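Enquirer: Take this structure first; my questions come after.
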Amino acid sequence: MLRAPIVRGTQLLSKWSLRSFGVPTRRGQIHACRLSSQAASVLTKVEDYKPGDHLNGFTIEQVVPIPELYLTAVKLNHDRTGAQYLHIARDDSNNVFSVGFRTTPMDSTGVPHILEHTTLCGSQKYPCRDPFFKMLNRSLSTFMNAWTASDYTMYPFSTMNPQDFENLLSVYLDAAFFPRLRELDFRQEGWRLEHENNQDSNSPIIFKGVVFNEMKGALTSPEQLFGIHLQNKLMPSHTYSHNSGGEPLNIPDLTWQQLREFHATHYHPSNARFYSYGNLPMERNLELIDKLVLQKFDKIEPKTEVPNETRWNEPREFHVHCAPDPMAADPEKQTTVSVNYLLGTITDQYESFLMSFISSLLVHGPPAPFYKSLITANIGSDYSPYTGYNGSTKDASFSIGLQGIKTEDLDKVKQLIEQTFDEVIQTGFESERIEAILHMIELSQKHQTTMFGLGIISSLMSSWNHDADPVTCLQVNKHVNQFKQSLKDNPQFLQEKVRQYFKENSHKMVLVMTPKEDFKKETEDAEQQKLSEMVARLSTQDKEKVFQTGLALAEEQNKEEDLSSLPTLRVSDISPQLVRTHFDLTNIGGVQVQCCQQPTNGITYFRGLSSMKTLPDELLPYVPLFCGVITRLGAGDMSFQELAQREELKTGGLGMGTHLVQYHSDVMSYEQGVTLSSSSLDRNLPEMFSLWTEIFNRPTMNDNDRLSTLVRMSASDLAMSLANSGHAYAMKGASSSLTPVARLKQLMGGMTQVTFMKGIAECEDMMETMTKLKQVASHLLNKENMRCAINSSPEFMSSALSELESFLETLPGQAGNNESMFVKQACGFVPSQERNHYELPFPVNYMSRGIQAVPYTHPDFPTLRILARLMSAKFLHREIREKGGAYGSGASMGTDGVFKFYSYRDPNSVNTLESFSHSVEWAIKGDYTQQDIDEAKLSIFSAVDGPVAPSDKAMTFFLSGISDDMRQQQREGLFAANKQSLIDVAQRYLTPNAQVTAEAFLGPENTMSQDKAGGWKIHKEAM
């Protein structure tokens, strides 16, 4: 179901992903409004098929053009196995494939999650270790991943290269259907008992394993913990009462044999859903899938159906606990409460559309009834986690509540929720609210996202997994028209639905989560008790087997692998020439304007950049808050609710964000500013600029209560982000003493900013903060140091520039520059070696090391970039993930002039820092082949050549001043890199004392950082 936007996460639980950290999803271009001749022929061919036609072992069931999405859907069924197949023919060269399985665990051992990891550790045709990660470097994929949801597991990829598509298809199919599932791979990826030092049988036996450590890290997040309890308790009768990702205390109960049995019963074509998308011929995909997999199976009855939840006769209430939040602004306000309702089945497509639509009306944005009654009441910091409609389980649900409240306010919140439902049933929704949601749906259909194909299957999979018709899910206009007709026939239609779903629904659950001081200790004690009991049951022979298994795994991890079976592209397959983007630069009233004509499908995209060159340093920490609130306070004669309503009715959103980029040719120079971004249907462009005019000229900056609400929400979001993005905060911390722009990124987006916002949120009086924000506004809300960019269609560009000119004429200040960048030279900045430990109550660490390096245009930059990828794939992955048990690790050469190492959800600290050092020794030794170097180049080029959506074309130059000529020079440097140049840059920049080095990590108390001789600074204010 393609749904209107709703609040916070349409998935109740995070999907447990093999690569959910630090690996960017790259974007593929879609030309939805102009069909190429090749794509037109592909669309025409599939539309010639008829239901009942037979093709490569499949029977076509439906062929349905869906013009509002510029695609044709073809639904097929495999004759021999009953496998389901959906093909989406569309003019998009970023082709997607996915295979998904209904996986319904009946315990919390994490069997589907561990199986997802283990299937990708080698297969019959590709018997090398970890072909999935190997293919990241032998492919030009724009996306590769795998993930486990509550009731399905999915393996998707995308690429623009036809040969690459077939290579990846072969690897993915063999991994899913014919994995080796060796016990050593299960022990590495899932869990194992192993000596702390696997070379010393006298060292303590502990738990190890990638998924085990991943889930320990994931469940430190109160938000994640709340979501798991919510699902388990609202749907207690079947698979949803368990944690598909795995509970750390239950994961050690899973045996290797149980894993193999789960694969045999769940990873079968009769339980599979295949999906392909794009402009490649469907016929070839069907031929390959039938030949490589389906001909080798017969149909079975998988018996993986999920029954509908048994409905309750009366509401229920549950109380659960979490660890106290060390970043909470008010220690007395750490309680979370939500009221949850089980709704109808997601297989009813129109009813699902209605439930999602009503959810948006109820909770989305300041005009929503629940925003008015709960958020603006200033009882809590924000909506409770997973507020809104959730269609990720067979029976949908709706949640509403607050987090960051006092325990004594529980009854008040529950009463407000009941009163709000009563008021909605009594008065209904304003017609403008309904029109705003319909407008958002229209805009989302026209907006050309770069991963549209992946978005379709991600959106469809939950309902298709339970045998809903995926084609019907895509017919958005059909649902919209039916909705409009229902409303026309019965003006009380929505109120009646609200009454049905929420007032007359006895399957209602109140969930309360409160912090418990010794929660962390109890969790650690429970794990230790589990470990002690398992170790106590080991005989002498068992202990010797544990030791020998650890040695065998280490030996396996250290083996040189034969990768000759894996397919690969070649560097020679990559074009030596950059695909350039044409744009024009003009000047409107002294403001430089960049114009890029693109097939934007009836939408115009606006960006602005206002320099902070005049802003005093003491105001810099307030800039992120200013960006977050200035479009949400109200403006002109509009209250903040009215402004939000106009924004939803006429635009795709008004955004402002911090802008910090290093100057492309000097690590000591940078540009700092704020970006403006918005879009609208062409017909609404005057209204969009009118809203910006009011924000610039008449922002409402006197409502301290509203600011207090927004401050608490912002501080809460930052605190919640630490568990999932700890590696990003660690990298910012490690870089902050090395370059001026990295220092600013730490100040405005790192742990310094998290602590700063916590301090503001603790203030009862917002008057001082509002004064500071007014001072920021006086420096930024003008056109004195501003540049703009417009991306629009050729036929509308002239009109768009005319509207932009009218907007600029209204702005205060005197424009008079024609600069492409507002570059500032750092004065007095000296790089320094620092070691910072941000102490947080996590059971895992997020480690990072930064080394001062070079700017983008330096000749060594492309070589360092390849070296980072080479070290990540060929050394760090093996040492830190496979051996160390961390969820992830890597190295990167960023445009902030810093070479960075990192680890993610890492049980180690000292060993990881040693691995960072050993990776440098490995790089200098040159113990890698030309094939290894070529694979690193392929990986880099898959990012460099990742296509860009029409809305984002030419934005690299606009935001960073990096021209196509510079990018071409960078490209040539990437091609030219060789083993000797890699060794040279490793020696020049990465050896000890070659350049200034700094380190930082987030994690619990650590004897390493407590050693005063180590020079670590421990930041206990985070506690």
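Every chain in the structure tokens has a letter given in the order shown (A, B, ...), and although residue numbers restart at 1 in each chain, ligands are simply numbered from 1 in the order shown.
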Show me, as number ranges by chain, the residues that have an atom within 10 Å of Tyr622 of chain A when counting only C-alpha atoms, minus same-chain residues fewer than 4 positions from it.

Expert: A: 618, 626-627, 747-748, 753, 756-757, 760, 769-770, 772-773, 775-776

Enquirer: Give the strand (DSSP E or B) residues of segment 400-585 of chain A, as DSSP finds them on the backbone, and put them as a list in words.

Expert: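 Of segment 400-585 of chain A, only Ile400, Gly401, Leu402, Gln403, Gly404, Ile405, Lys508, Met509, Val510, Leu511, Val512, Met513, Thr514, Pro515, Asp584 and Leu585 of chain A fall in strand (DSSP E or B).
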
Enquirer: Pull N, CA, C and O atoms from the residues just selected and write them as a PDB file, in the first residue's frame.

Expert:
```pdb
ATOM      1  N   ILE A 400      -1.302   5.660  19.979  1.00  0.00           N
ATOM      2  CA  ILE A 400      -1.256   7.080  20.289  1.00  0.00           C
ATOM      3  C   ILE A 400      -0.874   7.250  21.751  1.00  0.00           C
ATOM      4  O   ILE A 400      -1.367   6.534  22.625  1.00  0.00           O
ATOM      5  N   GLY A 401       0.046   8.148  22.022  1.00  0.00           N
ATOM      6  CA  GLY A 401       0.456   8.372  23.399  1.00  0.00           C
ATOM      7  C   GLY A 401       1.562   9.402  23.471  1.00  0.00           C
ATOM      8  O   GLY A 401       1.847  10.120  22.509  1.00  0.00           O
ATOM      9  N   LEU A 402       2.202   9.480  24.623  1.00  0.00           N
ATOM     10  CA  LEU A 402       3.256  10.453  24.870  1.00  0.00           C
ATOM     11  C   LEU A 402       4.437   9.788  25.552  1.00  0.00           C
ATOM     12  O   LEU A 402       4.273   8.843  26.329  1.00  0.00           O
ATOM     13  N   GLN A 403       5.625  10.303  25.286  1.00  0.00           N
ATOM     14  CA  GLN A 403       6.812   9.928  26.028  1.00  0.00           C
ATOM     15  C   GLN A 403       7.320  11.152  26.777  1.00  0.00           C
ATOM     16  O   GLN A 403       6.919  12.285  26.510  1.00  0.00           O
ATOM     17  N   GLY A 404       8.202  10.914  27.746  1.00  0.00           N
ATOM     18  CA  GLY A 404       8.757  12.020  28.512  1.00  0.00           C
ATOM     19  C   GLY A 404       7.751  12.677  29.427  1.00  0.00           C
ATOM     20  O   GLY A 404       7.725  13.910  29.559  1.00  0.00           O
ATOM     21  N   ILE A 405       6.908  11.858  30.078  1.00  0.00           N
ATOM     22  CA  ILE A 405       5.904  12.413  30.995  1.00  0.00           C
ATOM     23  C   ILE A 405       6.221  11.994  32.424  1.00  0.00           C
ATOM     24  O   ILE A 405       7.017  11.085  32.677  1.00  0.00           O
ATOM     25  N   LYS A 508      -8.068  -3.283  22.886  1.00  0.00           N
ATOM     26  CA  LYS A 508      -7.378  -2.036  23.213  1.00  0.00           C
ATOM     27  C   LYS A 508      -6.380  -2.315  24.334  1.00  0.00           C
ATOM     28  O   LYS A 508      -6.697  -3.024  25.295  1.00  0.00           O
ATOM     29  N   MET A 509      -5.187  -1.789  24.190  1.00  0.00           N
ATOM     30  CA  MET A 509      -4.153  -2.053  25.179  1.00  0.00           C
ATOM     31  C   MET A 509      -3.448  -0.760  25.563  1.00  0.00           C
ATOM     32  O   MET A 509      -3.035   0.013  24.698  1.00  0.00           O
ATOM     33  N   VAL A 510      -3.317  -0.543  26.867  1.00  0.00           N
ATOM     34  CA  VAL A 510      -2.505   0.557  27.378  1.00  0.00           C
ATOM     35  C   VAL A 510      -1.152  -0.017  27.751  1.00  0.00           C
ATOM     36  O   VAL A 510      -1.065  -1.006  28.489  1.00  0.00           O
ATOM     37  N   LEU A 511      -0.093   0.582  27.219  1.00  0.00           N
ATOM     38  CA  LEU A 511       1.260   0.148  27.540  1.00  0.00           C
ATOM     39  C   LEU A 511       2.003   1.294  28.202  1.00  0.00           C
ATOM     40  O   LEU A 511       2.069   2.406  27.666  1.00  0.00           O
ATOM     41  N   VAL A 512       2.543   1.019  29.382  1.00  0.00           N
ATOM     42  CA  VAL A 512       3.294   2.016  30.153  1.00  0.00           C
ATOM     43  C   VAL A 512       4.719   1.515  30.346  1.00  0.00           C
ATOM     44  O   VAL A 512       4.934   0.362  30.734  1.00  0.00           O
ATOM     45  N   MET A 513       5.680   2.365  30.053  1.00  0.00           N
ATOM     46  CA  MET A 513       7.085   2.005  30.288  1.00  0.00           C
ATOM     47  C   MET A 513       7.708   3.051  31.202  1.00  0.00           C
ATOM     48  O   MET A 513       7.640   4.247  30.927  1.00  0.00           O
ATOM     49  N   THR A 514       8.302   2.573  32.291  1.00  0.00           N
ATOM     50  CA  THR A 514       8.953   3.469  33.247  1.00  0.00           C
ATOM     51  C   THR A 514      10.401   3.022  33.446  1.00  0.00           C
ATOM     52  O   THR A 514      10.722   1.835  33.329  1.00  0.00           O
ATOM     53  N   PRO A 515      11.284   3.968  33.746  1.00  0.00           N
ATOM     54  CA  PRO A 515      12.691   3.594  33.962  1.00  0.00           C
ATOM     55  C   PRO A 515      12.876   2.903  35.310  1.00  0.00           C
ATOM     56  O   PRO A 515      12.148   3.155  36.267  1.00  0.00           O
ATOM     57  N   ASP A 584      22.601  26.506 -15.670  1.00  0.00           N
ATOM     58  CA  ASP A 584      22.934  27.898 -15.962  1.00  0.00           C
ATOM     59  C   ASP A 584      23.027  28.682 -14.666  1.00  0.00           C
ATOM     60  O   ASP A 584      22.317  28.403 -13.690  1.00  0.00           O
ATOM     61  N   LEU A 585      23.906  29.676 -14.663  1.00  0.00           N
ATOM     62  CA  LEU A 585      24.011  30.602 -13.547  1.00  0.00           C
ATOM     63  C   LEU A 585      23.551  31.970 -14.008  1.00  0.00           C
ATOM     64  O   LEU A 585      23.951  32.453 -15.067  1.00  0.00           O
TER      65      LEU A 585
END
```

Enquirer: What lies within 10 Å of segment 912-929 of chain A using only C-alpha atoms, ignoring chain neighbours under 4 positions off, as a PyMOL selection string?

Expert: chain A and resi 845-849+867-868+870-872+874-876+878-881+884+886+889-891+900-903+906-908+933-935+979-980+982-987+989-992+999

Enquirer: Can you write just those residues out, C-alpha atoms, as a JSON list (two decimals), in the first residue's frame?

Expert:
```json
[["chain", "number", "residue", "atom", "x", "y", "z"],
["A", 845, "ASN", "CA", 30.89, 0.36, 21.93],
["A", 846, "TYR", "CA", 31.03, 2.67, 18.94],
["A", 847, "MET", "CA", 34.72, 3.28, 18.20],
["A", 848, "SER", "CA", 36.40, 5.75, 15.87],
["A", 849, "ARG", "CA", 39.81, 7.10, 14.93],
["A", 867, "LEU", "CA", 42.50, 2.77, 0.24],
["A", 868, "ALA", "CA", 39.67, 3.27, 2.75],
["A", 870, "LEU", "CA", 40.21, -1.62, 0.37],
["A", 871, "MET", "CA", 40.99, -1.65, 4.09],
["A", 872, "SER", "CA", 37.29, -1.93, 4.94],
["A", 874, "LYS", "CA", 39.85, -6.84, 2.94],
["A", 875, "PHE", "CA", 40.98, -6.28, 6.53],
["A", 876, "LEU", "CA", 38.62, -4.47, 8.90],
["A", 878, "ARG", "CA", 37.43, -9.77, 8.84],
["A", 879, "GLU", "CA", 39.12, -8.52, 12.01],
["A", 880, "ILE", "CA", 36.36, -6.46, 13.61],
["A", 881, "ARG", "CA", 33.13, -8.06, 12.38],
["A", 884, "GLY", "CA", 35.54, -9.45, 16.89],
["A", 886, "ALA", "CA", 30.96, -6.24, 15.99],
["A", 889, "SER", "CA", 33.20, -1.60, 10.80],
["A", 890, "GLY", "CA", 35.02, 0.32, 8.11],
["A", 891, "ALA", "CA", 37.14, 3.23, 6.99],
["A", 900, "LYS", "CA", 38.18, 7.90, 9.57],
["A", 901, "PHE", "CA", 37.97, 4.41, 11.03],
["A", 902, "TYR", "CA", 34.84, 3.21, 12.84],
["A", 903, "SER", "CA", 33.11, 0.24, 14.42],
["A", 906, "ASP", "CA", 31.21, -3.49, 19.02],
["A", 907, "PRO", "CA", 31.86, -5.67, 22.10],
["A", 908, "ASN", "CA", 35.53, -4.64, 22.00],
["A", 933, "ILE", "CA", 42.31, -2.97, -5.86],
["A", 934, "ASP", "CA", 39.92, -3.25, -8.79],
["A", 935, "GLU", "CA", 37.14, -4.38, -6.46],
["A", 979, "LYS", "CA", 49.37, -0.62, -5.47],
["A", 980, "GLN", "CA", 52.39, 1.64, -5.13],
["A", 982, "LEU", "CA", 48.14, 3.11, -2.19],
["A", 983, "ILE", "CA", 51.24, 2.14, -0.20],
["A", 984, "ASP", "CA", 52.61, 5.66, -0.59],
["A", 985, "VAL", "CA", 49.50, 7.41, 0.78],
["A", 986, "ALA", "CA", 49.24, 4.89, 3.63],
["A", 987, "GLN", "CA", 52.81, 5.75, 4.63],
["A", 989, "TYR", "CA", 49.15, 9.91, 6.09],
["A", 990, "LEU", "CA", 48.28, 6.86, 8.20],
["A", 991, "THR", "CA", 51.48, 5.77, 9.92],
["A", 992, "PRO", "CA", 51.96, 6.81, 13.55],
["A", 999, "GLU", "CA", 40.12, 9.03, 18.79]]
```

Enquirer: Counting only C-alpha atoms, what is within 10 Å of segment 282-292 of chain A, bar same-chain residues fewer than 4 positions away, as an NGL selection string?

Expert: :A and (42 or 45-46 or 55-58 or 74 or 76 or 78 or 80 or 85-89 or 97 or 165-166 or 169-170 or 173-174 or 177 or 274-278 or 296-297)

Enquirer: Would you mind telling me which residue in A:Ser373, A:Ser669, A:Gln529, A:Thr581 lies nearest to Pro947 of chain A when using only C-alpha atoms?

Expert: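 Of A:Ser373, A:Ser669, A:Gln529, A:Thr581, the one nearest Pro947 of chain A is A:Thr581, counting only C-alpha atoms.
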
Enquirer: Could you give me the residues within segment 96-291 of chain A that DSSP places in helix (DSSP H, G or I), as a ChimeraX atom specification?

Expert: /A:111-119,131-135,162-177,183-189,210-218,222-234,239-241,251-253,256-266,269-271,282-291

Enquirer: Fewer than 4 positions away in the same chain doesn't count, so skip those; otherwise give me all residues within 8 Å of segment 471-485 of chain A, counting only C-alpha atoms, as a list in words.

Expert: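 Using only C-alpha atoms, the neighbours found are Met1, Leu2, Val64, Ile66, Glu68, Ala73, Lys75, Gln349, Tyr350, Phe353, Leu354, Leu438, Leu460 and Asp489 of chain A.
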
Enquirer: Could you check how far atom CA of Ile441 of chain A sits from atom CA of His364 of chain A, in Å to one decimal?

Expert: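 Atom CA of His364 of chain A lies at a distance of 13.6 Å from atom CA of Ile441 of chain A.
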
Enquirer: I'd like the neighbourhood of Phe186 of chain A as an MDAnalysis selection string, where a residue qualifies if any of its atoms comes within 7 Å (using only C-alpha atoms), though same-chain residues fewer than 4 positions away should be ignored.

Expert: chainID A and resid 118 181:182 190 256

Enquirer: Take the residues from that selection and write them out as an mmCIF file, in the first residue's frame, keeping C-alpha atoms.

Expert:
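File written: selection-v4.cif
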```cif
data_model
loop_
_atom_site.group_PDB
_atom_site.id
_atom_site.type_symbol
_atom_site.label_atom_id
_atom_site.label_comp_id
_atom_site.auth_asym_id
_atom_site.auth_seq_id
_atom_site.Cartn_x
_atom_site.Cartn_y
_atom_site.Cartn_z
ATOM 1 C CA THR A 118 24.043 -17.183 7.639
ATOM 2 C CA LEU A 181 24.675 -23.185 6.349
ATOM 3 C CA ARG A 182 27.889 -24.457 7.919
ATOM 4 C CA GLY A 190 24.572 -16.115 15.474
ATOM 5 C CA TRP A 256 22.443 -25.186 14.388
#
```
